[in-house]
Each structure stands twice: as C-alpha cells, then as structure tokens.
Amino acid sequence: MIPEIREKFNADFTSEKYENFKNILMEMYQHQPNFREAETPFFIPEILKDRLLEACNQLTDMVVRPDLKEITQPALYHENIIVPREDAHTTFLQMDFGVCLDQNGDSYPMLIEIQGFPSVYFFQYMASKAYKAAYDLPAHLTSYFNGFDNDSYKKLMYDIIVGESDPKNVVLLEIEPELQNTYIDMLSTSVELGIAVVCVTQVIKKEKKLYYLDALGQEVEIQKIYNRVIFDELYQRDDLKMQFSFTDELDVEWIGHPNWFYRISKYLMPYLKNKYVPETVFLQEHTALPDDLENYVLKPLFSFAGAGVIIDLTKDDIEKITDRANYILQRKVTYEPVLKSPNEPVKVEIRMLMVWPKNDERPFVVNNLVRLSKGKMIGVKYNKDKDWVGGSVGFHEG
C-alpha cells in the first residue's frame, strides 16, 4: 500500500507518536473519542484509488435512476417509519468496500454495504489533521477527493447542513448524543458549524413547529434537522419521553431525510449488479439455498452497526428466520490483510464518504473512513486486545 511510504511510517513509528496522535485528537475539543483510533492511517495506492472511484461512479448510476423511489418503495415497509416531506434524493451517501486482491495481486475493492445516511464526516476531518500533525506525513498526501482540502470541505459541509439558515436554527438530532460512540463527531460538527447537538427528548413541539432550549434557557425554533437518529435504536427505547414523532407533519427541513436510510441500504444491494459487488439476493426470493452456505453471510435489511449479521451460516440459522422478507443473503467478501503492521498483517475496509447537494445532478466522493481489523470481521468484538486496529483514514497521493 504505497510501499515506500508504508515502510518509512513503520520504521519511524513509536508508541510516543501514537500517544501524541491521541492527545492531538483529545485537545481539539477537550474530548477523547469513545472508540479505538488505529495507530496508523491507510496509504491508498493509485490502482486502488482509481478502482474505488470507478466503483462509486458506477454504483451511483443506480442511485440516480429516476425510478429509484419506485424500486425502493417496499423498503418503507410500515407506516411508523415513513417520515413526511421526503426530498428528491438523498443528501448523504456512503459505500463500504472490503479491500481484496485480484488475480494479479493488486488491491481491489468489493462492496460490503451502501447507506443513504450521514457518517462521521467531521471526525474524519479531525483524524486526517491529527495523523498529519503527529506523524509528519508528506504534504502531498490527502484524505480528500475531487480537489477538496480542509477548508473547502468544511465550507461544503456548512453549505449543505446550514446553508442560508441561521446556525442557531439548525440542530444535530440524536438519541442521548453524549452517550453515543460517535459523540466526538457530533461535538466536532457542533463546534465547526456552530449548531446545537440536541437529544430527541429535549425537543419541544408546538403545533407543527419544533423548538429546543439554548444555553440561556430560551426557546429557539428548529428549522433544519441534521438527522443522526437510527430508527432501529429509537424503537428499542421505550423509555424515551418525546414530545414529537418523526411521522408527524412538521415545519422542518430534514438534512438527510430519514426515509433514505431505508431506501438506500442493504435493501438496494440485490439490485446492484457490478464487478465490484458480491452476489446478493433477498432471502425470501432464494427458493433453493446454495450448497456452500459457509461462503455466504446473512444480513437483516435495516439493522445498524452489524447487529443481527450471521457470518458462520448454517441451514438451521435460516430455518429459524420467520421474517425472510427482512433479510438478504450475500456472498462473503474475502478481505486480504494488505496493511503491514509490526506484527500480524491487517485487513482493511474503506468507506467512501459522498454528498449530494440539492441542485447537483449526482452525488460525489469527498472523504473517506477506514476501519482496520485483525479479526474475522471488522468491529470491536473481533479485535479485543489487538493493536493497529480500529478507526482510521486513508491517504492517497493528491
């Protein structure tokens, strides 16, 4: 992965530099991330960068189809998840790729998941700056795409989320945000854009309007909501005392309309036929199960953060499924340990962070998120007590 840069990084690496990196992150907003940030960034070679951008462009062709809403309407399977005032297209788009190898030994991305929901756009803004500062990386390395840098990226996000509104009338909405693993991203978003982070239980409803209390205890009208609430979590929390429902007719603009979480998700995967996409089918349409089930993964359509995924699959697992319409069967992607660490090599998953401004014809890539793993899967529970794993960012030669 850009061998000369990787070799120099590994040779120069010290635990002191890693501690400095974490201190830089903490000092930015006086808050320590609630998840493990990896010791190293990922250095993206030219061939992988080109293939990632090609994959995103080809898969975007499906997202911009004029009949996308018709195709994905069954994803809005119940009236209690349909939010009024849906806009013409998603605002945020992510594509997750496992890094594999082709027959020539070159890195090759395979799609794992696609999302129409915001990711940690501002933590990646933080992480890229912290890695560069702590490790004195070459100046020409960048985590951004399409010509963006720190300043232009921040302006783009401001224009998308706040726009012409007064920032005080724009909120980032979440369930108990301070307790979320991604709170550092919300804090960064709040500071950099000047908007409030508000819990769903703190929202006040008066007729069709919503309000929150500012630091002085004054009611402030909410005109735009940068939504970070996942309905799967919301419906599991019957302890939350809320004055409004997402399905209410409200005088607010959703920045990242909630319906797109369902429309562009695992639900779209079976419709994506591409060299960068593993074979994926709706479980209810798979009348004859494959004989090699061990080479497939079972995924619930609308879960979040890997909940409910079965990777060591058997026929007994499938026979226990009563709501087959809520699952997809996907051929496993073989992640190759392409990143050299001081001990065992590391597997890489890269999320391409995309945005789709209102008046643009297509979404485009702006940044990326990388997750490093030495375990069977990407995720905390598969990487306990391991080093050089966790959240990271990919740098390429700009």
# chains A, B, ... in the order shown; residues from 1 in each chain; ligands from 1
>>> residues_around(residues="Leu76 (chain A)", least_positions_apart="5", cutoff="12 Å", atoms="only C-alpha atoms", output="PyMOL selection string")
chain A and resi 69-71+81-84+86+231+258-265+267+301-302+326
>>> write_last_selection(atoms="C-alpha atoms", output="PDB file, in the first residue's frame")
ATOM      1  CA  LYS A  69     -38.182   5.628  -5.388  1.00  0.00           C
ATOM      2  CA  GLU A  70     -40.499   3.193  -7.155  1.00  0.00           C
ATOM      3  CA  ILE A  71     -37.954   0.376  -6.857  1.00  0.00           C
ATOM      4  CA  ILE A  81     -41.132   4.612   9.654  1.00  0.00           C
ATOM      5  CA  ILE A  82     -42.417   6.891   6.889  1.00  0.00           C
ATOM      6  CA  VAL A  83     -41.410  10.490   7.535  1.00  0.00           C
ATOM      7  CA  PRO A  84     -43.320  13.254   5.655  1.00  0.00           C
ATOM      8  CA  GLU A  86     -39.258  13.437   1.711  1.00  0.00           C
ATOM      9  CA  PHE A 231     -34.933   4.228  13.881  1.00  0.00           C
ATOM     10  CA  PRO A 258     -34.776   9.703   7.364  1.00  0.00           C
ATOM     11  CA  ASN A 259     -36.560   7.777   4.585  1.00  0.00           C
ATOM     12  CA  TRP A 260     -33.312   7.465   2.657  1.00  0.00           C
ATOM     13  CA  PHE A 261     -31.831   5.304   5.413  1.00  0.00           C
ATOM     14  CA  TYR A 262     -34.308   2.641   4.336  1.00  0.00           C
ATOM     15  CA  ARG A 263     -34.335   3.264   0.591  1.00  0.00           C
ATOM     16  CA  ILE A 264     -30.542   3.245   0.211  1.00  0.00           C
ATOM     17  CA  SER A 265     -29.292   0.495   2.460  1.00  0.00           C
ATOM     18  CA  TYR A 267     -32.265  -3.153   0.511  1.00  0.00           C
ATOM     19  CA  LEU A 301     -32.037  -5.382   5.894  1.00  0.00           C
ATOM     20  CA  PHE A 302     -32.327  -2.488   8.291  1.00  0.00           C
ATOM     21  CA  ASN A 326     -36.236  -8.667   6.172  1.00  0.00           C
TER      22      ASN A 326
END
>>> closest_atom_pairs(of="region 231-320 of chain A", to="region 169-178 of chain A", cutoff="9 Å", atoms="only C-alpha atoms", output="JSON lines")
{"residue": "A:Glu233", "atom": "CA", "partner": "A:Ile175", "partner_atom": "CA", "distance": 8.4}
{"residue": "A:Leu234", "atom": "CA", "partner": "A:Ile175", "partner_atom": "CA", "distance": 7.4}
{"residue": "A:Leu240", "atom": "CA", "partner": "A:Ile175", "partner_atom": "CA", "distance": 8.7}
>>> write_last_selection(atoms="N, CA and C atoms", output="mmCIF file, in the first residue's frame")
data_model
loop_
_atom_site.group_PDB
_atom_site.id
_atom_site.type_symbol
_atom_site.label_atom_id
_atom_site.label_comp_id
_atom_site.auth_asym_id
_atom_site.auth_seq_id
_atom_site.Cartn_x
_atom_site.Cartn_y
_atom_site.Cartn_z
ATOM 1 N N GLU A 233 -32.667 1.908 16.666
ATOM 2 C CA GLU A 233 -32.364 2.212 18.063
ATOM 3 C C GLU A 233 -33.542 2.916 18.721
ATOM 4 N N LEU A 234 -34.162 3.839 17.989
ATOM 5 C CA LEU A 234 -35.273 4.610 18.538
ATOM 6 C C LEU A 234 -36.413 3.704 19.004
ATOM 7 N N LEU A 240 -37.817 6.523 26.308
ATOM 8 C CA LEU A 240 -37.621 7.913 25.886
ATOM 9 C C LEU A 240 -38.942 8.678 25.942
#
>>> residues_around(residues="region 23-31 of chain A", least_positions_apart="3", cutoff="12 Å", atoms="only C-alpha atoms", output="ChimeraX atom specification")
/A:16-20,34-37,123-135,178,182-192
>>> select_by_dssp(residues="region 208-393 of chain A", states="helix (DSSP H, G or I)", output="PyMOL selection string")
chain A and resi 231-236+259-263+266-271+283-285+293-295+315-319+324-326+380-382
>>> closest_residue(among="A:Glu253, A:Asp102, A:Asp96, A:Asp232", to="Gln115 (chain A)", atoms="only C-alpha atoms")
A:Asp96
>>> select_by_dssp(residues="region 109-204 of chain A", states="strand (DSSP E)", output="JSON, numbers by chain")
{"A": [109, 110, 111, 112, 113, 114, 115, 141, 142, 170, 171, 172, 173, 174, 196, 197, 198, 199, 204]}
>>> residues_around(residues="region 43-50 of chain A", least_positions_apart="4", cutoff="12 Å", atoms="only C-alpha atoms", output="VMD selection string")
chain A and resid 1 to 10 54 to 57 97 to 102 104 to 110 131 137 to 138 141 to 146 338 to 340 348 to 350 352 365 367 to 370 392 to 398
>>> closest_residue(among="A:Lys168, A:Lys206, A:Val197, A:Arg51", to="Gln218 (chain A)", atoms="only C-alpha atoms")
A:Lys168
>>> closest_residue(among="A:Asp248, A:Glu39, A:Glu113, A:Asp292", to="Lys266 (chain A)", atoms="only C-alpha atoms")
A:Glu113
>>> residues_around(residues="region 373-376 of chain A", least_positions_apart="2", cutoff="8 Å", atoms="only C-alpha atoms", output="ChimeraX atom specification")
/A:337,344-348,371,378-379,382-383,386,388-390
>>> residues_around(residues="Asp159 (chain A)", least_positions_apart="2", cutoff="12 Å", atoms="only C-alpha atoms", output="ChimeraX atom specification")
/A:91,152-157,161-167,193,255,355-358
>>> write_last_selection(atoms="C-alpha atoms", output="PDB file, in the first residue's frame")
ATOM      1  CA  THR A  91     -28.144  14.164   0.835  1.00  0.00           C
ATOM      2  CA  SER A 152     -13.173  23.754   1.215  1.00  0.00           C
ATOM      3  CA  TYR A 153     -14.504  20.538   2.759  1.00  0.00           C
ATOM      4  CA  LYS A 154     -15.671  22.392   5.880  1.00  0.00           C
ATOM      5  CA  LYS A 155     -17.334  25.046   3.707  1.00  0.00           C
ATOM      6  CA  LEU A 156     -19.075  22.359   1.647  1.00  0.00           C
ATOM      7  CA  MET A 157     -20.474  20.712   4.768  1.00  0.00           C
ATOM      8  CA  ILE A 161     -26.180  21.391   6.511  1.00  0.00           C
ATOM      9  CA  VAL A 162     -26.633  25.076   7.424  1.00  0.00           C
ATOM     10  CA  GLY A 163     -26.791  26.863   4.076  1.00  0.00           C
ATOM     11  CA  GLU A 164     -28.581  30.211   4.213  1.00  0.00           C
ATOM     12  CA  SER A 165     -30.102  29.487   7.626  1.00  0.00           C
ATOM     13  CA  ASP A 166     -29.023  30.969  10.927  1.00  0.00           C
ATOM     14  CA  PRO A 167     -26.928  28.212  12.586  1.00  0.00           C
ATOM     15  CA  LEU A 193     -20.649  24.586  12.064  1.00  0.00           C
ATOM     16  CA  ILE A 255     -30.842  17.494   6.137  1.00  0.00           C
ATOM     17  CA  VAL A 355     -22.578  14.034  -0.569  1.00  0.00           C
ATOM     18  CA  TRP A 356     -25.332  15.132  -2.931  1.00  0.00           C
ATOM     19  CA  PRO A 357     -26.072  18.875  -2.750  1.00  0.00           C
ATOM     20  CA  LYS A 358     -29.626  19.851  -3.640  1.00  0.00           C
TER      21      LYS A 358
END
>>> closest_residue(among="A:Phe148, A:Tyr158, A:Trp254, A:Tyr276", to="Ala88 (chain A)", atoms="only C-alpha atoms")
A:Trp254
>>> atom_distance(atom1="CA of Arg85 (chain A)", atom2="CA of Glu207 (chain A)")
16.4 Å
>>> atom_distance(atom1="CA of Gly116 (chain A)", atom2="CA of Val297 (chain A)")
21.6 Å
